[in-house]
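A.B. asks: coords07.txt is the file, holding compact mmCIF, N, CA and C atoms:
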# COMPACT_ATOMS: atom_id res chain seq x y z
N MET A 23 -39.05 -198.30 -36.79
CA MET A 23 -40.17 -199.21 -36.88
C MET A 23 -40.89 -198.98 -38.20
N GLY A 24 -41.12 -200.03 -38.95
CA GLY A 24 -41.80 -199.91 -40.23
C GLY A 24 -43.30 -200.01 -40.07
N LEU A 25 -44.01 -199.32 -40.90
CA LEU A 25 -45.46 -199.34 -40.87
C LEU A 25 -45.95 -200.56 -41.61
N ASN A 26 -46.78 -201.37 -40.96
CA ASN A 26 -47.34 -202.54 -41.61
C ASN A 26 -48.16 -202.09 -42.81
N SER A 27 -47.96 -202.72 -43.95
CA SER A 27 -48.63 -202.30 -45.18
C SER A 27 -50.14 -202.41 -45.09
N ARG A 28 -50.65 -203.18 -44.13
CA ARG A 28 -52.10 -203.34 -43.99
C ARG A 28 -52.66 -202.57 -42.80
N ALA A 29 -51.84 -201.71 -42.16
CA ALA A 29 -52.26 -201.03 -40.93
C ALA A 29 -53.50 -200.18 -41.14
N LEU A 30 -53.63 -199.56 -42.28
CA LEU A 30 -54.77 -198.68 -42.50
C LEU A 30 -55.89 -199.34 -43.29
N ASP A 31 -55.75 -200.62 -43.63
CA ASP A 31 -56.78 -201.33 -44.39
C ASP A 31 -58.13 -201.29 -43.67
N LEU A 32 -58.13 -201.32 -42.35
CA LEU A 32 -59.39 -201.37 -41.61
C LEU A 32 -60.25 -200.14 -41.84
N THR A 33 -59.64 -199.05 -42.26
CA THR A 33 -60.42 -197.85 -42.51
C THR A 33 -61.03 -197.85 -43.90
N ASP A 34 -60.69 -198.83 -44.73
CA ASP A 34 -61.18 -198.91 -46.10
C ASP A 34 -62.30 -199.94 -46.18
N LEU A 35 -63.55 -199.48 -46.00
CA LEU A 35 -64.67 -200.41 -46.03
C LEU A 35 -65.01 -200.86 -47.45
N ASN A 36 -64.30 -200.35 -48.46
CA ASN A 36 -64.47 -200.86 -49.81
C ASN A 36 -63.70 -202.18 -49.97
N ASN A 37 -62.80 -202.47 -49.04
CA ASN A 37 -62.08 -203.73 -49.04
C ASN A 37 -63.09 -204.83 -48.66
N LEU A 38 -63.39 -205.71 -49.61
CA LEU A 38 -64.44 -206.71 -49.44
C LEU A 38 -64.26 -207.55 -48.18
N GLU A 39 -63.01 -207.90 -47.88
CA GLU A 39 -62.74 -208.73 -46.70
C GLU A 39 -63.25 -208.06 -45.43
N TYR A 40 -62.96 -206.77 -45.26
CA TYR A 40 -63.37 -206.07 -44.05
C TYR A 40 -64.84 -205.70 -44.10
N LYS A 41 -65.36 -205.41 -45.29
CA LYS A 41 -66.77 -205.09 -45.42
C LYS A 41 -67.62 -206.25 -44.92
N GLU A 42 -67.24 -207.47 -45.28
CA GLU A 42 -67.98 -208.65 -44.83
C GLU A 42 -67.81 -208.86 -43.33
N LYS A 43 -66.60 -208.66 -42.82
CA LYS A 43 -66.35 -208.88 -41.39
C LYS A 43 -67.03 -207.83 -40.52
N LEU A 44 -67.16 -206.61 -41.03
CA LEU A 44 -67.69 -205.52 -40.20
C LEU A 44 -69.14 -205.20 -40.51
N ASP A 45 -69.83 -206.04 -41.28
CA ASP A 45 -71.21 -205.79 -41.66
C ASP A 45 -72.17 -206.42 -40.65
N PHE A 46 -72.08 -205.98 -39.38
CA PHE A 46 -72.96 -206.47 -38.34
C PHE A 46 -72.93 -205.49 -37.18
N LEU A 47 -73.94 -205.58 -36.34
CA LEU A 47 -73.97 -204.73 -35.16
C LEU A 47 -73.04 -205.31 -34.10
N ILE A 48 -72.41 -204.43 -33.35
CA ILE A 48 -71.47 -204.87 -32.32
C ILE A 48 -72.08 -204.54 -30.96
N GLY A 49 -72.23 -205.57 -30.15
CA GLY A 49 -72.80 -205.38 -28.83
C GLY A 49 -71.79 -204.78 -27.87
N ARG A 50 -72.31 -204.03 -26.93
CA ARG A 50 -71.46 -203.42 -25.90
C ARG A 50 -70.90 -204.52 -25.01
N ASN A 51 -69.62 -204.40 -24.68
CA ASN A 51 -68.91 -205.37 -23.85
C ASN A 51 -68.81 -206.76 -24.50
N SER A 52 -68.92 -206.80 -25.82
CA SER A 52 -68.81 -208.07 -26.53
C SER A 52 -67.35 -208.31 -26.92
N PRO A 53 -67.00 -209.54 -27.27
CA PRO A 53 -65.65 -209.81 -27.76
C PRO A 53 -65.31 -208.96 -29.00
N ALA A 54 -66.32 -208.69 -29.85
CA ALA A 54 -66.07 -207.87 -31.05
C ALA A 54 -65.70 -206.44 -30.65
N GLU A 55 -66.37 -205.90 -29.63
CA GLU A 55 -66.04 -204.55 -29.17
C GLU A 55 -64.61 -204.53 -28.62
N ASP A 56 -64.25 -205.54 -27.84
CA ASP A 56 -62.90 -205.61 -27.29
C ASP A 56 -61.86 -205.67 -28.41
N GLU A 57 -62.16 -206.46 -29.44
CA GLU A 57 -61.22 -206.58 -30.56
C GLU A 57 -61.07 -205.25 -31.29
N LEU A 58 -62.19 -204.56 -31.54
CA LEU A 58 -62.12 -203.27 -32.23
C LEU A 58 -61.39 -202.22 -31.40
N LYS A 59 -61.58 -202.25 -30.09
CA LYS A 59 -60.86 -201.32 -29.23
C LYS A 59 -59.36 -201.58 -29.31
N GLY A 60 -58.98 -202.86 -29.32
CA GLY A 60 -57.56 -203.21 -29.45
C GLY A 60 -56.98 -202.73 -30.77
N ILE A 61 -57.74 -202.91 -31.84
CA ILE A 61 -57.29 -202.46 -33.17
C ILE A 61 -57.17 -200.94 -33.17
N ALA A 62 -58.16 -200.25 -32.58
CA ALA A 62 -58.12 -198.78 -32.54
C ALA A 62 -56.89 -198.30 -31.77
N HIS A 63 -56.57 -198.96 -30.65
CA HIS A 63 -55.39 -198.57 -29.87
C HIS A 63 -54.11 -198.77 -30.70
N LYS A 64 -54.05 -199.85 -31.47
CA LYS A 64 -52.88 -200.09 -32.31
C LYS A 64 -52.76 -199.02 -33.39
N ILE A 65 -53.88 -198.61 -33.97
CA ILE A 65 -53.86 -197.56 -34.99
C ILE A 65 -53.35 -196.25 -34.38
N VAL A 66 -53.87 -195.90 -33.20
CA VAL A 66 -53.43 -194.66 -32.53
C VAL A 66 -51.95 -194.75 -32.18
N ASP A 67 -51.51 -195.87 -31.64
CA ASP A 67 -50.09 -196.03 -31.30
C ASP A 67 -49.21 -195.89 -32.53
N THR A 68 -49.64 -196.50 -33.64
CA THR A 68 -48.87 -196.39 -34.89
C THR A 68 -48.81 -194.95 -35.35
N TYR A 69 -49.94 -194.26 -35.31
CA TYR A 69 -50.00 -192.86 -35.72
C TYR A 69 -49.05 -192.02 -34.87
N LEU A 70 -49.12 -192.19 -33.55
CA LEU A 70 -48.28 -191.38 -32.67
C LEU A 70 -46.80 -191.71 -32.84
N THR A 71 -46.47 -192.93 -33.24
CA THR A 71 -45.09 -193.33 -33.44
C THR A 71 -44.54 -192.83 -34.76
N VAL A 72 -45.37 -192.82 -35.80
CA VAL A 72 -44.90 -192.54 -37.16
C VAL A 72 -45.01 -191.07 -37.54
N ILE A 73 -46.06 -190.39 -37.09
CA ILE A 73 -46.33 -189.01 -37.51
C ILE A 73 -45.47 -188.03 -36.71
N GLN A 74 -44.91 -187.06 -37.42
CA GLN A 74 -44.15 -186.00 -36.77
C GLN A 74 -44.86 -184.68 -37.00
N LEU A 75 -45.02 -183.91 -35.94
CA LEU A 75 -45.62 -182.59 -36.04
C LEU A 75 -44.49 -181.58 -36.27
N ILE A 76 -44.60 -180.82 -37.33
CA ILE A 76 -43.58 -179.84 -37.66
C ILE A 76 -44.18 -178.45 -37.49
N THR A 77 -43.52 -177.62 -36.72
CA THR A 77 -44.00 -176.25 -36.50
C THR A 77 -42.96 -175.26 -36.97
N GLN A 78 -43.44 -174.07 -37.32
CA GLN A 78 -42.54 -173.00 -37.73
C GLN A 78 -42.84 -171.78 -36.86
N TYR A 79 -41.90 -171.44 -36.02
CA TYR A 79 -42.09 -170.27 -35.17
C TYR A 79 -41.57 -169.00 -35.82
N ASN A 80 -40.71 -169.14 -36.80
CA ASN A 80 -40.10 -167.95 -37.39
C ASN A 80 -40.97 -167.31 -38.47
N GLU A 81 -41.99 -168.02 -38.97
CA GLU A 81 -42.89 -167.46 -39.97
C GLU A 81 -44.34 -167.72 -39.56
N PRO A 82 -44.82 -167.01 -38.54
CA PRO A 82 -46.19 -167.28 -38.08
C PRO A 82 -47.22 -166.82 -39.11
N SER A 83 -48.34 -167.51 -39.15
CA SER A 83 -49.45 -167.12 -40.00
C SER A 83 -50.33 -166.16 -39.22
N LEU A 84 -50.69 -165.06 -39.84
CA LEU A 84 -51.55 -164.09 -39.19
C LEU A 84 -53.00 -164.54 -39.30
N VAL A 85 -53.74 -164.39 -38.22
CA VAL A 85 -55.16 -164.74 -38.22
C VAL A 85 -55.92 -163.50 -38.69
N PRO A 86 -56.70 -163.63 -39.77
CA PRO A 86 -57.38 -162.44 -40.30
C PRO A 86 -58.54 -162.00 -39.40
N ASP A 87 -58.92 -160.74 -39.56
CA ASP A 87 -60.09 -160.23 -38.84
C ASP A 87 -61.34 -160.95 -39.33
N MET A 88 -62.38 -160.88 -38.54
CA MET A 88 -63.64 -161.49 -38.95
C MET A 88 -64.78 -160.55 -38.64
N ASN A 89 -65.88 -160.71 -39.35
CA ASN A 89 -67.06 -159.88 -39.11
C ASN A 89 -67.80 -160.37 -37.88
N VAL A 90 -68.16 -159.45 -37.01
CA VAL A 90 -68.86 -159.78 -35.77
C VAL A 90 -70.07 -158.87 -35.65
N ASN A 91 -71.19 -159.46 -35.28
CA ASN A 91 -72.40 -158.70 -35.00
C ASN A 91 -72.29 -158.18 -33.57
N LEU A 92 -71.90 -156.91 -33.41
CA LEU A 92 -71.63 -156.36 -32.07
C LEU A 92 -72.88 -156.24 -31.21
N SER A 93 -74.08 -156.25 -31.83
CA SER A 93 -75.30 -156.16 -31.03
C SER A 93 -75.67 -157.52 -30.43
N ASP A 94 -75.05 -158.58 -30.91
CA ASP A 94 -75.34 -159.93 -30.40
C ASP A 94 -74.06 -160.75 -30.39
N CYS A 95 -73.12 -160.35 -29.52
CA CYS A 95 -71.82 -161.03 -29.52
C CYS A 95 -71.43 -161.49 -28.12
N CYS A 96 -70.44 -162.37 -28.09
CA CYS A 96 -69.91 -162.88 -26.83
C CYS A 96 -68.45 -162.43 -26.73
N GLU A 97 -68.05 -162.04 -25.54
CA GLU A 97 -66.67 -161.59 -25.32
C GLU A 97 -65.89 -162.71 -24.64
N PHE A 98 -64.66 -162.91 -25.12
CA PHE A 98 -63.78 -163.92 -24.54
C PHE A 98 -62.44 -163.28 -24.20
N ASP A 99 -61.80 -163.76 -23.14
CA ASP A 99 -60.52 -163.22 -22.71
C ASP A 99 -59.33 -163.96 -23.33
N ASN A 100 -59.48 -165.23 -23.62
CA ASN A 100 -58.36 -166.06 -24.07
C ASN A 100 -58.70 -166.72 -25.41
N SER A 101 -58.83 -165.92 -26.44
CA SER A 101 -59.19 -166.45 -27.75
C SER A 101 -58.47 -165.64 -28.83
N LEU A 102 -58.54 -166.13 -30.05
CA LEU A 102 -57.89 -165.42 -31.15
C LEU A 102 -58.52 -164.06 -31.38
N HIS A 103 -59.84 -163.99 -31.24
CA HIS A 103 -60.56 -162.73 -31.41
C HIS A 103 -61.23 -162.37 -30.09
N LYS A 104 -61.39 -161.10 -29.83
CA LYS A 104 -61.99 -160.64 -28.58
C LYS A 104 -63.49 -160.97 -28.53
N TYR A 105 -64.17 -160.86 -29.68
CA TYR A 105 -65.61 -161.08 -29.75
C TYR A 105 -65.96 -162.10 -30.82
N TYR A 106 -67.01 -162.86 -30.57
CA TYR A 106 -67.58 -163.79 -31.54
C TYR A 106 -69.09 -163.61 -31.54
N SER A 107 -69.70 -163.83 -32.70
CA SER A 107 -71.16 -163.78 -32.78
C SER A 107 -71.67 -164.97 -33.58
N ASN A 108 -72.97 -165.17 -33.51
CA ASN A 108 -73.64 -166.25 -34.24
C ASN A 108 -73.15 -167.64 -33.84
N LEU A 109 -72.76 -167.81 -32.58
CA LEU A 109 -72.38 -169.14 -32.11
C LEU A 109 -73.64 -169.92 -31.73
N ASN A 110 -73.67 -171.20 -32.13
CA ASN A 110 -74.80 -172.01 -31.69
C ASN A 110 -74.53 -172.42 -30.24
N PRO A 111 -75.52 -172.97 -29.54
CA PRO A 111 -75.34 -173.29 -28.11
C PRO A 111 -74.16 -174.20 -27.81
N ILE A 112 -73.92 -175.18 -28.67
CA ILE A 112 -72.79 -176.09 -28.44
C ILE A 112 -71.47 -175.35 -28.63
N GLU A 113 -71.36 -174.55 -29.68
CA GLU A 113 -70.14 -173.77 -29.91
C GLU A 113 -69.89 -172.81 -28.74
N TYR A 114 -70.97 -172.17 -28.27
CA TYR A 114 -70.83 -171.23 -27.16
C TYR A 114 -70.33 -171.94 -25.90
N ASP A 115 -70.94 -173.06 -25.56
CA ASP A 115 -70.52 -173.80 -24.36
C ASP A 115 -69.06 -174.24 -24.46
N CYS A 116 -68.67 -174.77 -25.62
CA CYS A 116 -67.28 -175.21 -25.81
C CYS A 116 -66.32 -174.03 -25.73
N ALA A 117 -66.67 -172.93 -26.39
CA ALA A 117 -65.81 -171.75 -26.38
C ALA A 117 -65.65 -171.21 -24.97
N ARG A 118 -66.73 -171.18 -24.21
CA ARG A 118 -66.68 -170.67 -22.83
C ARG A 118 -65.77 -171.58 -21.98
N MET A 119 -65.90 -172.89 -22.12
CA MET A 119 -65.06 -173.81 -21.34
C MET A 119 -63.59 -173.67 -21.71
N ILE A 120 -63.31 -173.53 -23.01
CA ILE A 120 -61.91 -173.34 -23.45
C ILE A 120 -61.38 -172.02 -22.91
N ASP A 121 -62.19 -170.97 -22.98
CA ASP A 121 -61.77 -169.66 -22.49
C ASP A 121 -61.46 -169.70 -21.00
N GLU A 122 -62.23 -170.47 -20.25
CA GLU A 122 -62.02 -170.57 -18.80
C GLU A 122 -60.74 -171.32 -18.43
N LEU A 123 -60.14 -172.02 -19.38
CA LEU A 123 -58.87 -172.68 -19.09
C LEU A 123 -57.75 -171.67 -18.84
N GLY A 124 -57.92 -170.46 -19.38
CA GLY A 124 -56.98 -169.39 -19.10
C GLY A 124 -55.77 -169.34 -20.01
N TYR A 125 -55.74 -170.14 -21.07
CA TYR A 125 -54.61 -170.09 -21.99
C TYR A 125 -54.79 -168.94 -22.97
N ASP A 126 -53.76 -168.16 -23.14
CA ASP A 126 -53.84 -167.02 -24.04
C ASP A 126 -53.29 -167.40 -25.40
As a first step, turn the structure in this file into structure tokens.
C.D. replies:
Amino acid sequence: MGLNSRALDLTDLNNLEYKEKLDFLIGRNSPAEDELKGIAHKIVDTYLTVIQLITQYNEPSLVPDMNVNLSDCCEFDNSLHKYYSNLNPIEYDCARMIDELGYD
């Protein structure tokens, strides 16, 4: 399947044609929202069809150590590092939820 030469044009708001078309507010549940959702789905489908993820298991990259404030740190069971510090509340909540998934 060939990639349409204009598939990524919608992401270029310097393109005058799209700048004029997209220079307005879009109401929820409007025909414009439906159209943009359809375009977004096509972009994702194209990406998933065209892009290949390449991994190398024979040459892993080592994760370096990091500085941790041990007097104010959080311990995790399923993470790259055993302890993390200086996490903001959102980072802490996300890290805790990921850790609870149990993936090592």
A.B. asks: With a distance cut-off of 7 Å and only C-alpha atoms, select the neighbouring residues of region 93-108 of chain A, excluding the residue or stretch itself and same-chain residues fewer than 3 positions from it, and output the selection as a list in words.
C.D. replies: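 Here the answer would be Val90, Asp121, Gly124, Tyr125 and Asp126 of chain A.
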A.B. asks: So what do you get for atom C of Leu84 (chain A) versus atom C of Tyr69 (chain A), distance-wise?
C.D. replies: 28.1 Å
A.B. asks: Provide the CA of Pro82 (chain A) to CA of Ile120 (chain A) distance in Å, to one decimal place.
C.D. replies: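 Those two atoms sit 22.3 Å apart.
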A.B. asks: So the first atom is atom C of Ile76 (chain A) and the second is CA of Met88 (chain A); what is the distance between them in Å, to one decimal place?
C.D. replies: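 Taking atom C of Ile76 (chain A) as the start and CA of Met88 (chain A) as the end point, the length is 25.9 Å.
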